[in-house]
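File shown: entry18.txt. Contents: compact mmCIF, C-alpha atoms.
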# COMPACT_ATOMS: atom_id res chain seq x y z
CA MET A 1 23.62 -43.58 15.93
CA THR A 2 27.00 -44.13 17.64
CA THR A 3 28.94 -43.86 14.40
CA GLU A 4 27.13 -40.66 13.43
CA ALA A 5 27.77 -39.18 16.87
CA LEU A 6 31.48 -40.03 16.70
CA ALA A 7 31.69 -38.52 13.21
CA LEU A 8 29.99 -35.32 14.44
CA SER A 9 32.37 -35.25 17.41
CA ALA A 10 35.42 -35.65 15.16
CA ILE A 11 34.24 -32.94 12.71
CA LEU A 12 33.52 -30.43 15.49
CA PHE A 13 36.88 -31.18 17.16
CA VAL A 14 38.74 -30.59 13.89
CA ILE A 15 36.86 -27.31 13.29
CA GLY A 16 37.74 -26.23 16.83
CA THR A 17 41.41 -27.08 16.32
CA PHE A 18 41.44 -25.14 13.06
CA GLY A 19 39.91 -22.13 14.83
CA VAL A 20 42.52 -22.21 17.58
CA LEU A 21 45.29 -22.36 14.97
CA VAL A 22 44.16 -19.65 12.54
CA ARG A 23 42.41 -16.96 14.60
CA ARG A 24 44.28 -14.10 16.24
CA ASN A 25 41.57 -12.88 18.61
CA ALA A 26 42.29 -14.51 21.98
CA ILE A 27 38.59 -14.65 22.93
CA ILE A 28 37.68 -16.48 19.70
CA MET A 29 40.55 -18.92 20.26
CA PHE A 30 39.15 -19.54 23.71
CA LEU A 31 35.66 -20.14 22.24
CA CYS A 32 37.17 -22.68 19.85
CA ILE A 33 38.72 -24.52 22.82
CA GLU A 34 35.23 -24.67 24.35
CA LEU A 35 34.02 -26.11 21.01
CA GLN A 36 36.68 -28.83 21.26
CA LEU A 37 35.54 -29.69 24.80
CA ASN A 38 31.95 -29.96 23.54
CA ALA A 39 33.02 -32.23 20.69
CA VAL A 40 34.62 -34.57 23.23
CA ASN A 41 31.41 -34.43 25.28
CA ILE A 42 29.44 -35.74 22.29
CA ALA A 43 31.83 -38.69 22.04
CA PHE A 44 31.45 -39.36 25.79
CA VAL A 45 27.65 -39.41 25.55
CA ALA A 46 27.82 -41.70 22.49
CA PHE A 47 30.08 -44.12 24.36
CA SER A 48 27.85 -44.03 27.44
CA ASN A 49 25.19 -45.69 25.28
CA LEU A 50 27.64 -48.56 24.78
CA PHE A 51 29.41 -48.88 28.12
CA GLY A 52 27.16 -47.39 30.81
CA ILE A 53 26.40 -44.19 32.74
CA GLU A 54 30.06 -43.30 33.48
CA GLY A 55 30.33 -41.51 30.12
CA GLN A 56 27.61 -39.07 31.14
CA LEU A 57 29.31 -38.53 34.51
CA PHE A 58 32.50 -37.59 32.68
CA VAL A 59 30.57 -35.04 30.63
CA PHE A 60 29.43 -33.53 33.94
CA PHE A 61 33.04 -33.20 35.12
CA VAL A 62 34.19 -31.82 31.77
CA MET A 63 31.50 -29.13 31.95
CA THR A 64 32.60 -28.15 35.47
CA VAL A 65 36.24 -27.89 34.42
CA ALA A 66 35.18 -25.89 31.35
CA ALA A 67 33.28 -23.42 33.54
CA ALA A 68 36.29 -22.99 35.84
CA GLU A 69 38.57 -22.63 32.83
CA ALA A 70 36.30 -20.00 31.26
CA ALA A 71 36.30 -17.93 34.47
CA VAL A 72 40.08 -18.03 34.94
CA GLY A 73 40.87 -17.67 31.24
CA LEU A 74 38.65 -14.62 30.78
CA ALA A 75 40.19 -13.07 33.89
CA ILE A 76 43.64 -13.60 32.34
CA ILE A 77 42.42 -12.04 29.06
CA ILE A 78 41.09 -8.99 30.97
CA SER A 79 44.39 -8.71 32.83
CA ILE A 80 46.37 -8.91 29.55
CA PHE A 81 44.03 -6.37 27.90
CA ARG A 82 44.77 -3.89 30.68
CA HIS A 83 48.46 -4.17 29.89
CA TYR A 84 48.49 -4.31 26.07
CA GLU A 85 45.13 -2.63 25.19
CA SER A 86 44.53 -5.54 22.77
CA VAL A 87 43.43 -9.19 22.65
CA ASP A 88 45.35 -9.90 19.43
CA VAL A 89 47.75 -12.75 20.24
CA ASP A 90 50.34 -11.38 17.79
CA ASN A 91 50.91 -8.50 20.21
CA PHE A 92 51.80 -10.82 23.11
CA ASN A 93 55.41 -11.41 22.09
CA LEU A 94 57.28 -11.06 25.37
CA LEU A 95 58.10 -14.80 25.50
CA LYS A 96 58.84 -15.02 21.77
CA TRP A 97 62.43 -15.48 20.56
CA MET B 1 12.90 -40.23 12.76
CA VAL B 2 15.51 -39.97 15.51
CA THR B 3 18.32 -40.42 12.99
CA PHE B 4 16.80 -37.74 10.75
CA PHE B 5 16.73 -35.22 13.60
CA PHE B 6 20.25 -36.23 14.57
CA TYR B 7 21.40 -35.28 11.07
CA VAL B 8 19.49 -31.98 11.31
CA PHE B 9 21.10 -31.06 14.63
CA GLY B 10 24.50 -32.27 13.44
CA ALA B 11 24.34 -30.13 10.30
CA LEU B 12 23.25 -27.15 12.40
CA ALA B 13 26.15 -27.69 14.82
CA ILE B 14 28.73 -28.02 12.04
CA GLY B 15 27.42 -25.01 10.12
CA ALA B 16 27.38 -22.80 13.19
CA ALA B 17 30.86 -24.03 14.18
CA LEU B 18 32.15 -22.96 10.75
CA GLY B 19 30.43 -19.61 11.29
CA LEU B 20 32.18 -19.33 14.66
CA VAL B 21 35.60 -19.85 13.11
CA LEU B 22 35.07 -17.74 9.98
CA SER B 23 32.95 -14.73 11.02
CA LYS B 24 34.75 -11.43 11.50
CA SER B 25 32.73 -9.94 14.33
CA PRO B 26 33.45 -11.42 17.79
CA VAL B 27 29.79 -11.02 18.81
CA ALA B 28 28.63 -12.93 15.71
CA SER B 29 31.16 -15.68 16.52
CA LEU B 30 29.78 -15.91 20.03
CA LEU B 31 26.16 -16.16 18.85
CA PHE B 32 27.19 -18.87 16.35
CA MET B 33 28.80 -20.73 19.28
CA THR B 34 25.51 -20.48 21.19
CA VAL B 35 23.67 -22.03 18.20
CA THR B 36 26.25 -24.85 18.17
CA LEU B 37 25.71 -25.47 21.89
CA PHE B 38 21.93 -25.65 21.43
CA ALA B 39 22.36 -28.09 18.52
CA ILE B 40 24.72 -30.25 20.63
CA SER B 41 22.11 -30.18 23.39
CA GLY B 42 19.60 -31.50 20.83
CA THR B 43 21.92 -34.39 19.96
CA PHE B 44 22.24 -35.16 23.69
CA VAL B 45 18.45 -35.48 23.90
CA LEU B 46 18.41 -37.80 20.87
CA MET B 47 21.11 -39.97 22.51
CA GLY B 48 19.06 -40.25 25.71
CA ALA B 49 21.08 -37.92 27.96
CA HIS B 50 18.24 -35.62 28.98
CA PHE B 51 19.83 -34.25 32.17
CA LEU B 52 23.04 -33.38 30.33
CA ALA B 53 21.02 -31.64 27.61
CA ALA B 54 19.38 -29.42 30.24
CA ILE B 55 22.75 -28.75 31.92
CA GLN B 56 24.26 -27.93 28.53
CA VAL B 57 21.65 -25.24 27.87
CA ILE B 58 21.72 -23.80 31.40
CA VAL B 59 25.47 -23.86 32.11
CA TYR B 60 27.03 -23.49 28.67
CA ALA B 61 24.53 -21.50 26.60
CA GLY B 62 23.24 -19.66 29.66
CA ALA B 63 26.19 -18.94 31.93
CA ILE B 64 29.48 -19.38 30.08
CA MET B 65 28.35 -17.67 26.87
CA VAL B 66 26.98 -14.71 28.85
CA LEU B 67 30.38 -14.50 30.58
CA PHE B 68 32.12 -14.35 27.19
CA LEU B 69 29.63 -11.77 25.88
CA PHE B 70 30.15 -9.70 29.01
CA VAL B 71 33.92 -9.71 28.54
CA ILE B 72 33.55 -8.69 24.87
CA MET B 73 31.31 -5.83 26.00
CA LEU B 74 33.65 -4.88 28.85
CA LEU B 75 36.70 -4.73 26.57
CA ASN B 76 34.61 -3.01 23.83
CA LEU B 77 35.65 -5.51 21.12
CA GLY B 78 32.24 -5.67 19.41
CA HIS B 79 33.26 -3.25 16.63
CA ASP B 80 36.45 -5.13 15.79
CA TYR B 81 35.61 -6.22 12.24
CA ARG B 82 39.20 -6.64 11.05
CA GLN B 83 39.91 -9.96 9.37
CA ASP B 84 42.06 -11.70 11.94
CA LEU B 85 42.72 -15.02 10.26
CA LYS B 86 46.41 -15.80 10.19
CA GLY B 87 47.80 -16.16 6.67
CA GLY B 88 50.89 -17.33 4.83
CA GLY B 89 52.94 -20.31 5.95
CA PHE B 90 51.09 -20.57 9.22
CA ALA B 91 47.78 -21.22 7.43
CA VAL B 92 49.45 -23.96 5.36
CA ILE B 93 50.83 -25.60 8.52
CA SER B 94 47.37 -25.31 10.13
CA PHE B 95 45.76 -27.04 7.16
CA LEU B 96 48.36 -29.83 7.34
CA VAL B 97 47.84 -30.33 11.08
CA VAL B 98 44.06 -30.29 10.76
CA GLY B 99 44.13 -32.61 7.75
CA ALA B 100 46.36 -35.11 9.56
CA MET B 101 44.08 -34.97 12.60
CA ALA B 102 40.94 -35.46 10.46
CA GLY B 103 42.53 -38.43 8.69
CA LEU B 104 43.55 -40.00 12.00
CA LEU B 105 40.03 -39.57 13.42
CA ALA B 106 38.48 -40.98 10.23
CA THR B 107 40.58 -44.15 10.47
CA GLN B 108 39.71 -44.54 14.16
CA LEU B 109 35.94 -44.23 13.50
CA GLY B 110 35.70 -47.67 11.90
CA GLY B 111 38.02 -49.19 14.54
CA PRO B 112 37.20 -51.47 17.42
CA ALA B 113 36.37 -48.59 19.78
CA ALA B 114 33.04 -47.89 18.07
CA SER B 115 31.87 -51.50 18.25
CA GLY B 116 31.37 -52.10 21.97
CA PRO B 117 28.71 -54.34 23.49
CA ALA B 118 25.76 -53.21 21.39
CA GLY B 119 23.13 -51.45 23.48
CA ALA B 120 24.34 -52.87 26.83
CA GLY B 121 25.03 -49.45 28.32
CA GLU B 122 21.82 -48.07 26.83
CA GLN B 123 19.73 -50.75 28.54
CA ALA B 124 21.47 -50.16 31.89
CA ILE B 125 20.91 -46.39 31.60
CA GLN B 126 17.24 -46.84 30.68
CA ALA B 127 16.73 -49.17 33.66
CA ALA B 128 18.38 -46.62 36.00
CA VAL B 129 16.28 -43.78 34.55
CA ALA B 130 13.09 -45.83 34.98
CA GLN B 131 13.98 -46.56 38.61
CA TYR B 132 15.51 -43.27 39.81
CA GLY B 133 14.51 -40.67 37.20
CA ALA B 134 16.71 -38.78 34.73
CA VAL B 135 18.54 -36.82 37.45
CA GLY B 136 18.78 -39.70 39.92
CA ALA B 137 20.37 -41.98 37.33
CA ILE B 138 23.36 -39.61 37.22
CA ALA B 139 23.20 -38.46 40.85
CA ARG B 140 23.41 -41.92 42.45
CA PRO B 141 26.81 -42.91 41.01
CA LEU B 142 27.98 -39.30 41.37
CA TYR B 143 27.31 -39.28 45.14
CA THR B 144 28.40 -42.87 45.84
CA THR B 145 31.13 -44.28 43.58
CA TYR B 146 32.47 -40.96 42.29
CA VAL B 147 32.02 -38.82 45.40
CA VAL B 148 35.76 -38.05 45.77
CA PRO B 149 36.16 -36.61 42.23
CA PHE B 150 32.92 -34.71 42.82
CA GLU B 151 34.29 -33.07 45.98
CA ILE B 152 37.59 -32.31 44.25
CA THR B 153 35.53 -30.59 41.54
CA GLY B 154 34.05 -28.38 44.24
CA ILE B 155 37.56 -27.41 45.41
CA LEU B 156 38.53 -26.70 41.77
CA LEU B 157 35.57 -24.33 41.39
CA LEU B 158 36.51 -22.52 44.62
CA VAL B 159 40.11 -22.11 43.43
CA ALA B 160 38.84 -20.89 40.03
CA VAL B 161 36.61 -18.26 41.66
CA VAL B 162 39.44 -16.97 43.87
CA GLY B 163 41.88 -17.04 40.96
CA ALA B 164 39.51 -15.16 38.65
CA VAL B 165 38.97 -12.43 41.24
CA VAL B 166 42.70 -12.09 41.95
CA LEU B 167 43.63 -12.02 38.25
CA ALA B 168 40.96 -9.57 37.13
CA LYS B 169 41.19 -7.09 39.98
CA LYS B 170 43.16 -3.90 39.57
CA HIS B 171 46.53 -3.97 41.31
CA VAL B 172 46.48 -1.14 43.82
CA ALA B 173 50.04 -0.24 44.87
Show how you would write the structure in this file as structure tokens.
Amino acid sequence: MTTEALALSAILFVIGTFGVLVRRNAIIMFLCIELQLNAVNIAFVAFSNLFGIEGQLFVFFVMTVAAAEAAVGLAIIISIFRHYESVDVDNFNLLKW
Amino acid sequence: MVTFFFYVFGALAIGAALGLVLSKSPVASLLFMTVTLFAISGTFVLMGAHFLAAIQVIVYAGAIMVLFLFVIMLLNLGHDYRQDLKGGGFAVISFLVVGAMAGLLATQLGGPAASGPAGAGEQAIQAAVAQYGAVGAIARPLYTTYVVPFEITGILLLVAVVGAVVLAKKHVA
């Protein structure tokens, strides 16, 4: 079961990374980051079956940080949308050289 | 039986994750993400983390996904069906990065990390669950050994709430 869980975790993490790299919609990129966090959570739970309850505690903390990150990140997206009338990351080129 | 259901939930999670990345409509992407979260919750149950499975459904699928859906509704992005995958050289670089990462993870899977003390943690967790219940098994270390990180998490959430309000509010003068 551990090997399968780690494989699932790796596949979901890679899919999430791919989503962050290829999508332009900032909200979808953000969702893909959440997918990466969830993939890591699967690995934590799998390892907790080998090493003890601390893995599950870490999942708890990761979820809390993800909730905080979602709140702040969506607020930033709303704030950017007010300015540019878009969530397409290609339009946010102020810091681009 | 457990392994069979693990494969079912894993296939569901991977398929919905692909749907999340590839679907054009933001709302469809979000609903695919919710399916993925439910499937991951199922794998948590199969791995014996019942409390985390419940938290996953309530916090992630319940609260965070509704927050995302609300923002999509608020910004009126639901009708944005344009294909927004990046193309050209960037897609090639993305494939290279993702391929390298997948290869690295594949070599690590058979490494020493995956072969810990077989079942030692599982037995300890089952003993704790039998003694304190599914919630108590997590709550006891959380409120004793890890109480400082737990309190810091509370401060983080407070800062996040204040930051979200400040960032999202309209700047008046």
Which of these residues is nearest to Ala137 in chain B, using all atoms listed in the file: A:Ala39, A:Leu57, A:Ala71, A:Ala7?
->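 So, comparing all the options, the nearest one is A:Leu57.
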May I have the residues within 12 Å of Leu85 in chain B as a PyMOL selection string, using only C-alpha atoms and disregarding those fewer than 2 positions away in the same chain?
-> (chain A and resi 18-26+28-29+88-90) or (chain B and resi 21-25+81-83+87-88+90-91+94)
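Shortest atom-to-atom contact with Phe47 in chain A among B:Gly121, B:Gly19, B:Gly136, B:Gly48: B:Gly121, counting all atoms listed in the file.
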For chain B, which residues have at least one atom within 7 Å of chain A, if we go by only C-alpha atoms? Write them as a PyMOL selection string, please.
-> chain B and resi 3+10+14+17-18+21+26+47+64+84-86+91+94+98+102+105+109+114+116-122+124-125+138+157+160+163-164+167-168
Hey, can you check how far CA of Val45 in chain B sits from CA of Leu31 in chain B?
->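 Straight-line distance from CA of Val45 in chain B to CA of Leu31 in chain B works out to 21.4 Å.
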For CA of Ile40 in chain B and CA of Phe9 in chain B, the interatomic separation in Å (one decimal) =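 Distance reported for this atom pair: 7.1 Å.
Compared by their closest atoms to Val71 in chain B, and using all atoms listed in the file, the residues B:Ile152, B:Val97, B:Leu46, B:Val27 rank with B:Val27 nearest.
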Looking at B:Ala106, B:Leu96, B:Val59, B:Leu30, which one is nearest to Met73 in chain B, with distances taken over only C-alpha atoms?
-> B:Leu30
Kindly compute an axis-aligned box around the listed atoms of range 48-63 of chain B, allowing 8 Å on each side, and express its centre and edge lengths in Å to one decimal as AutoDock Vina command-line options.
--center_x 22.6 --center_y -29.6 --center_z 28.9 --size_x 24.8 --size_y 37.3 --size_z 22.5
Quick one: distance from CA of Ala16 in chain B to CA of Gln56 in chain B in Å, one decimal?
-> 16.5 Å
Could you write range 68-79 of chain B as an mmCIF file, in the coordinates of the input, with N, CA and C atoms rebuilt where they are missing?
data_model
loop_
_atom_site.group_PDB
_atom_site.id
_atom_site.type_symbol
_atom_site.label_atom_id
_atom_site.label_comp_id
_atom_site.auth_asym_id
_atom_site.auth_seq_id
_atom_site.Cartn_x
_atom_site.Cartn_y
_atom_site.Cartn_z
ATOM 1 N N PHE B 68 31.329 -14.771 28.351
ATOM 2 C CA PHE B 68 32.120 -14.350 27.190
ATOM 3 C C PHE B 68 31.578 -13.041 26.621
ATOM 4 N N LEU B 69 30.251 -12.972 26.449
ATOM 5 C CA LEU B 69 29.630 -11.770 25.880
ATOM 6 C C LEU B 69 29.924 -10.563 26.766
ATOM 7 N N PHE B 70 29.891 -10.790 28.077
ATOM 8 C CA PHE B 70 30.150 -9.700 29.010
ATOM 9 C C PHE B 70 31.579 -9.199 28.875
ATOM 10 N N VAL B 71 32.527 -10.137 28.687
ATOM 11 C CA VAL B 71 33.920 -9.710 28.540
ATOM 12 C C VAL B 71 34.113 -8.948 27.230
ATOM 13 N N ILE B 72 33.450 -9.412 26.136
ATOM 14 C CA ILE B 72 33.550 -8.690 24.870
ATOM 15 C C ILE B 72 32.998 -7.273 25.024
ATOM 16 N N MET B 73 31.879 -7.146 25.764
ATOM 17 C CA MET B 73 31.310 -5.830 26.000
ATOM 18 C C MET B 73 32.235 -4.983 26.865
ATOM 19 N N LEU B 74 32.803 -5.608 27.902
ATOM 20 C CA LEU B 74 33.650 -4.880 28.850
ATOM 21 C C LEU B 74 34.897 -4.346 28.165
ATOM 22 N N LEU B 75 35.481 -5.153 27.269
ATOM 23 C CA LEU B 75 36.700 -4.730 26.570
ATOM 24 C C LEU B 75 36.371 -3.958 25.297
ATOM 25 N N ASN B 76 35.072 -3.779 24.990
ATOM 26 C CA ASN B 76 34.610 -3.010 23.830
ATOM 27 C C ASN B 76 35.219 -3.555 22.537
ATOM 28 N N LEU B 77 35.083 -4.881 22.312
ATOM 29 C CA LEU B 77 35.650 -5.510 21.120
ATOM 30 C C LEU B 77 34.588 -5.740 20.057
ATOM 31 N N GLY B 78 33.325 -5.343 20.321
ATOM 32 C CA GLY B 78 32.240 -5.670 19.410
ATOM 33 C C GLY B 78 32.365 -5.038 18.041
ATOM 34 N N HIS B 79 33.149 -3.942 17.925
ATOM 35 C CA HIS B 79 33.260 -3.250 16.630
ATOM 36 C C HIS B 79 34.513 -3.654 15.886
#
